[in-house]
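Below you'll find the structure, written out as structure tokens, and then a few comments.
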Amino acid sequence: MSLTDIRARIAAAEAAAQRPGGSVQLIAVSKEQPEDRVLPVLDAGHRLFGENRVQEAAGKWPGWRDRFGDVAVHLLGPLQSNKARQAMELFQAIHSLDRPKLAQSFARLAQELGHCPDLFVQVNTGAEPQKAGVLPDDADRFIKDARKLDLPIVGVMCIPPVDEDPAAHFAQLADIGARNGLDSLSMGMSDDFEIAIAQGATHVRVGSAIFGARR
């Protein structure tokens, strides 16, 4: 696969779902990918990337931003509260808001820093005990409480269980987003992003299908 192939598949999925072209943003997931794989994607003009760890992103992206200009990087992985400040200064969006303590940290830092990245609430649609995320039954209340803190909640995110049909999980996430007035749906990865687009995804997170398997 390549960036060109993935873009073409996204465009075809948008058309199949009768959605406008360009309505889905491709997040190129560059976590654990070496420079010789990421630079060609930057050279091709792609400017939206995803990382899972604050420390790894901090070691890579400041230099690449100096070189390539306006690059948006989103945090996709779990975030410890003690890394919240660094994350808010480094990322344009954070897709893993999943607990009250982290929301409170963001709110405090937003007042101090005068800005806050766009935030997605991570929903554990499969109620998997090993996975982060707000449980579906708790999502409405969590979103309401986060909004009371004046946080810029723009959407919801999920990672379906690997052994289940993702379509039902994407539909559930879309319903949570719709009833809370959230337009952004971060769902779909290399193996299932076309299914996610059919269910309304606005952000798909594709890594291995662009860069190849992590070394």
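By convention in this document, the chains of the structure tokens carry letters A, B, ... by their order, each chain's residues are numbered from 1, and ligands are numbered from 1 in the order they are shown.
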Helix (DSSP H, G or I) call set, DSSP backbone run, range 9-192 of chain A, as a VMD selection string: chain A and resid 9 to 16 35 to 43 54 to 68 81 to 90 100 to 113 136 to 148 166 to 179
Would you please extract all strand (DSSP E) residues from range 7-206 of chain A, as assigned by DSSP on the backbone, and give them as an MDAnalysis selection string? chainID A and resid 25:29 48:51 72:75 93:97 118:122 153:157 184:186 203:206
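Coordinates place CA of Pro117 in chain A at a distance of 12.9 Å from CA of Ser105 in chain A.
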Which neighbours of range 151-166 of chain A fall inside 7 Å, counting only C-alpha atoms, when residues of the same chain fewer than 5 positions from it are skipped, and could you give them as a ChimeraX atom specification? /A:95,107,118-126,146,177,182-187
When you look at Val71 in chain A with a cut-off of 7 Å (counting only C-alpha atoms), what residues show up, excluding the ones that are within fewer than 3 positions of it in the same chain? I need them as a ChimeraX atom specification. /A:47-48,65
Taken to one decimal, the CA of Lys144 in chain A-CA of Ile195 in chain A distance is 28.5 Å
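In this model, the gap between CA of Leu26 in chain A and CA of Pro100 in chain A comes to 28.7 Å.
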Just the residues within 12 Å of Phe211 in chain A, please, counting only C-alpha atoms, with nothing from its chain fewer than 4 positions along; format it as a PyMOL selection string. chain A and resi 1-6+28-42+49+190+206-207+215
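With only C-alpha atoms as the atoms that count, the residue of A:Ala87, A:Ala17, A:Ala198, A:Ala44 with the shortest distance to Glu56 in chain A is A:Ala87.
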Minimum-distance residue to Ile143 in chain A, chosen among A:Asn180, A:Gln55, A:Gln172, A:Gln111 (using only C-alpha atoms): A:Asn180
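Each of A:Arg179, A:His115, A:Arg205, A:Arg108 was compared to Asp191 in chain A using only C-alpha atoms, and A:Arg205 turns out to be the nearest.
Using only C-alpha atoms for every distance, the candidate list A:Arg214, A:Arg99, A:Arg147, A:Arg19 yields A:Arg19 as the residue closest to Gln199 in chain A.
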